[in-house]
Amino acid sequence: MSKAIKDILKNDKKFTEVAKVAFDSVDSDKSGTIDANELEKVMVQIANDMGADPPTKEDVLEVMEHLDVDHSGKIDFNEFKVLIKDVLEAMLEGDD
């Protein structure tokens with residue numbers, strides 16, 4: 001698994017493709033941006049998949065604030081790619 005993740009992180013084209021698939025699955029209204037409701041849905045799903053407690057509204061807002069660097073109130077694709085990179089890097093660390 002770690003080799004595949006490293007390959008994705010090293011190859012901009014592959015990374016963008018993976019991030020786009022993830023973005024499109026979260027952008028449920030196909031608006032081209034992710035709002036707090038869409039982010040909350042995916043965070044709840046991830047928590048359920050991991051057997052963790054669901055995120056609080058504060059958790060969701062904290063992630064929104066971290067990712068929404070242009071302060072538009074929504075996460076665009078470039079902002080979302082930061083999250084995907086963080087997730088992939090965390091997965092690599094977990095493989096160690």
# chains A, B, ... in the order shown; residues from 1 in each chain; ligands from 1
call {"tool": "residues_around", "arguments": {"residues": "range 35-50 of chain A", "least_positions_apart": "2", "cutoff": "9 Å", "atoms": "only C-alpha atoms", "output": "list of chain:residue names"}}
result
A:Val26, A:Asp27, A:Ser28, A:Asp29, A:Thr33, A:Ala52, A:Asp53, A:Pro54, A:Pro55, A:Thr56, A:Lys57, A:Asp59, A:Val60, A:Leu61, A:Val63, A:Met64, A:Gly73, A:Lys74, A:Ile75
call {"tool": "write_last_selection", "arguments": {"atoms": "N, CA, C and O atoms", "output": "PDB file, in the first residue's frame"}}
result
ATOM      1  N   VAL A  26     -17.426  13.848  -3.143  1.00  0.00           N
ATOM      2  CA  VAL A  26     -17.859  14.681  -2.015  1.00  0.00           C
ATOM      3  C   VAL A  26     -18.762  15.812  -2.485  1.00  0.00           C
ATOM      4  O   VAL A  26     -19.717  16.190  -1.806  1.00  0.00           O
ATOM      5  N   ASP A  27     -18.508  16.345  -3.675  1.00  0.00           N
ATOM      6  CA  ASP A  27     -19.289  17.450  -4.244  1.00  0.00           C
ATOM      7  C   ASP A  27     -20.620  16.902  -4.771  1.00  0.00           C
ATOM      8  O   ASP A  27     -20.849  16.811  -5.965  1.00  0.00           O
ATOM      9  N   SER A  28     -21.521  16.551  -3.845  1.00  0.00           N
ATOM     10  CA  SER A  28     -22.750  15.844  -4.207  1.00  0.00           C
ATOM     11  C   SER A  28     -23.706  16.674  -5.063  1.00  0.00           C
ATOM     12  O   SER A  28     -24.457  16.117  -5.851  1.00  0.00           O
ATOM     13  N   ASP A  29     -23.665  18.001  -4.937  1.00  0.00           N
ATOM     14  CA  ASP A  29     -24.550  18.817  -5.765  1.00  0.00           C
ATOM     15  C   ASP A  29     -23.894  19.248  -7.081  1.00  0.00           C
ATOM     16  O   ASP A  29     -24.483  19.973  -7.878  1.00  0.00           O
ATOM     17  N   THR A  33     -17.734  23.128  -5.934  1.00  0.00           N
ATOM     18  CA  THR A  33     -17.163  23.454  -4.624  1.00  0.00           C
ATOM     19  C   THR A  33     -17.814  22.553  -3.583  1.00  0.00           C
ATOM     20  O   THR A  33     -18.874  21.968  -3.814  1.00  0.00           O
ATOM     21  N   ALA A  52     -15.331   5.459  14.755  1.00  0.00           N
ATOM     22  CA  ALA A  52     -15.064   6.596  15.642  1.00  0.00           C
ATOM     23  C   ALA A  52     -16.355   7.387  15.873  1.00  0.00           C
ATOM     24  O   ALA A  52     -17.342   7.215  15.159  1.00  0.00           O
ATOM     25  N   ASP A  53     -16.308   8.256  16.870  1.00  0.00           N
ATOM     26  CA  ASP A  53     -17.447   9.133  17.122  1.00  0.00           C
ATOM     27  C   ASP A  53     -17.621  10.085  15.945  1.00  0.00           C
ATOM     28  O   ASP A  53     -16.626  10.518  15.350  1.00  0.00           O
ATOM     29  N   PRO A  54     -18.859  10.426  15.618  1.00  0.00           N
ATOM     30  CA  PRO A  54     -19.075  11.369  14.517  1.00  0.00           C
ATOM     31  C   PRO A  54     -18.512  12.744  14.886  1.00  0.00           C
ATOM     32  O   PRO A  54     -18.444  13.102  16.065  1.00  0.00           O
ATOM     33  N   PRO A  55     -18.116  13.508  13.875  1.00  0.00           N
ATOM     34  CA  PRO A  55     -17.577  14.843  14.153  1.00  0.00           C
ATOM     35  C   PRO A  55     -18.671  15.769  14.673  1.00  0.00           C
ATOM     36  O   PRO A  55     -19.845  15.622  14.319  1.00  0.00           O
ATOM     37  N   THR A  56     -18.254  16.712  15.475  1.00  0.00           N
ATOM     38  CA  THR A  56     -19.180  17.747  15.932  1.00  0.00           C
ATOM     39  C   THR A  56     -19.243  18.843  14.871  1.00  0.00           C
ATOM     40  O   THR A  56     -18.414  18.884  13.948  1.00  0.00           O
ATOM     41  N   LYS A  57     -20.225  19.720  15.003  1.00  0.00           N
ATOM     42  CA  LYS A  57     -20.309  20.870  14.085  1.00  0.00           C
ATOM     43  C   LYS A  57     -19.023  21.686  14.163  1.00  0.00           C
ATOM     44  O   LYS A  57     -18.541  22.195  13.151  1.00  0.00           O
ATOM     45  N   ASP A  59     -16.034  20.537  14.815  1.00  0.00           N
ATOM     46  CA  ASP A  59     -15.002  19.808  14.059  1.00  0.00           C
ATOM     47  C   ASP A  59     -15.094  20.144  12.574  1.00  0.00           C
ATOM     48  O   ASP A  59     -14.080  20.397  11.921  1.00  0.00           O
ATOM     49  N   VAL A  60     -16.314  20.123  12.054  1.00  0.00           N
ATOM     50  CA  VAL A  60     -16.524  20.407  10.632  1.00  0.00           C
ATOM     51  C   VAL A  60     -16.094  21.840  10.314  1.00  0.00           C
ATOM     52  O   VAL A  60     -15.384  22.083   9.331  1.00  0.00           O
ATOM     53  N   LEU A  61     -16.488  22.783  11.158  1.00  0.00           N
ATOM     54  CA  LEU A  61     -16.109  24.183  10.931  1.00  0.00           C
ATOM     55  C   LEU A  61     -14.603  24.380  11.006  1.00  0.00           C
ATOM     56  O   LEU A  61     -14.031  25.158  10.236  1.00  0.00           O
ATOM     57  N   VAL A  63     -12.283  22.159  10.184  1.00  0.00           N
ATOM     58  CA  VAL A  63     -11.719  21.656   8.933  1.00  0.00           C
ATOM     59  C   VAL A  63     -12.008  22.635   7.796  1.00  0.00           C
ATOM     60  O   VAL A  63     -11.133  22.921   6.975  1.00  0.00           O
ATOM     61  N   MET A  64     -13.231  23.172   7.759  1.00  0.00           N
ATOM     62  CA  MET A  64     -13.569  24.167   6.724  1.00  0.00           C
ATOM     63  C   MET A  64     -12.611  25.357   6.796  1.00  0.00           C
ATOM     64  O   MET A  64     -12.072  25.788   5.775  1.00  0.00           O
ATOM     65  N   GLY A  73     -16.047  30.462   2.011  1.00  0.00           N
ATOM     66  CA  GLY A  73     -17.114  29.696   2.639  1.00  0.00           C
ATOM     67  C   GLY A  73     -17.317  28.343   1.989  1.00  0.00           C
ATOM     68  O   GLY A  73     -18.171  27.573   2.396  1.00  0.00           O
ATOM     69  N   LYS A  74     -16.512  28.061   0.976  1.00  0.00           N
ATOM     70  CA  LYS A  74     -16.577  26.783   0.271  1.00  0.00           C
ATOM     71  C   LYS A  74     -15.160  26.320  -0.037  1.00  0.00           C
ATOM     72  O   LYS A  74     -14.239  27.113  -0.077  1.00  0.00           O
ATOM     73  N   ILE A  75     -15.030  25.027  -0.267  1.00  0.00           N
ATOM     74  CA  ILE A  75     -13.729  24.450  -0.585  1.00  0.00           C
ATOM     75  C   ILE A  75     -13.694  24.156  -2.081  1.00  0.00           C
ATOM     76  O   ILE A  75     -14.532  23.404  -2.588  1.00  0.00           O
TER      77      ILE A  75
END
call {"tool": "atom_distance", "arguments": {"atom1": "CA of Ile5 in chain A", "atom2": "CA of Leu88 in chain A"}}
result
6.5 Å
call {"tool": "atom_distance", "arguments": {"atom1": "CA of Ala4 in chain A", "atom2": "CA of Lys85 in chain A"}}
result
13.5 Å
call {"tool": "select_by_dssp", "arguments": {"residues": "chain A", "states": "alpha helix (DSSP H)", "output": "number ranges by chain"}}
result
A: 2-10, 12-26, 36-50, 57-67, 77-95
call {"tool": "closest_residue", "arguments": {"among": "A:His71, A:Lys20, A:Glu58, A:Gly51", "to": "Leu83 in chain A", "atoms": "only C-alpha atoms"}}
result
A:Lys20
call {"tool": "closest_residue", "arguments": {"among": "A:Glu65, A:Asp12, A:Val18, A:Lys30", "to": "Val87 in chain A", "atoms": "only C-alpha atoms"}}
result
A:Val18
call {"tool": "closest_residue", "arguments": {"among": "A:Val69, A:Glu62, A:Ser31, A:Phe23", "to": "Ile84 in chain A", "atoms": "only C-alpha atoms"}}
result
A:Phe23
call {"tool": "atom_distance", "arguments": {"atom1": "CA of Asp68 in chain A", "atom2": "CA of Lys14 in chain A"}}
result
23.4 Å
call {"tool": "residues_around", "arguments": {"residues": "Glu17 in chain A", "least_positions_apart": "5", "cutoff": "12 Å", "atoms": "only C-alpha atoms", "output": "PyMOL selection string"}}
result
chain A and resi 8-9+11-12+22-24+77+81+84
call {"tool": "residues_around", "arguments": {"residues": "Glu93 in chain A", "least_positions_apart": "3", "cutoff": "12 Å", "atoms": "only C-alpha atoms", "output": "number ranges by chain"}}
result
A: 1-2, 5-6, 86-90, 96
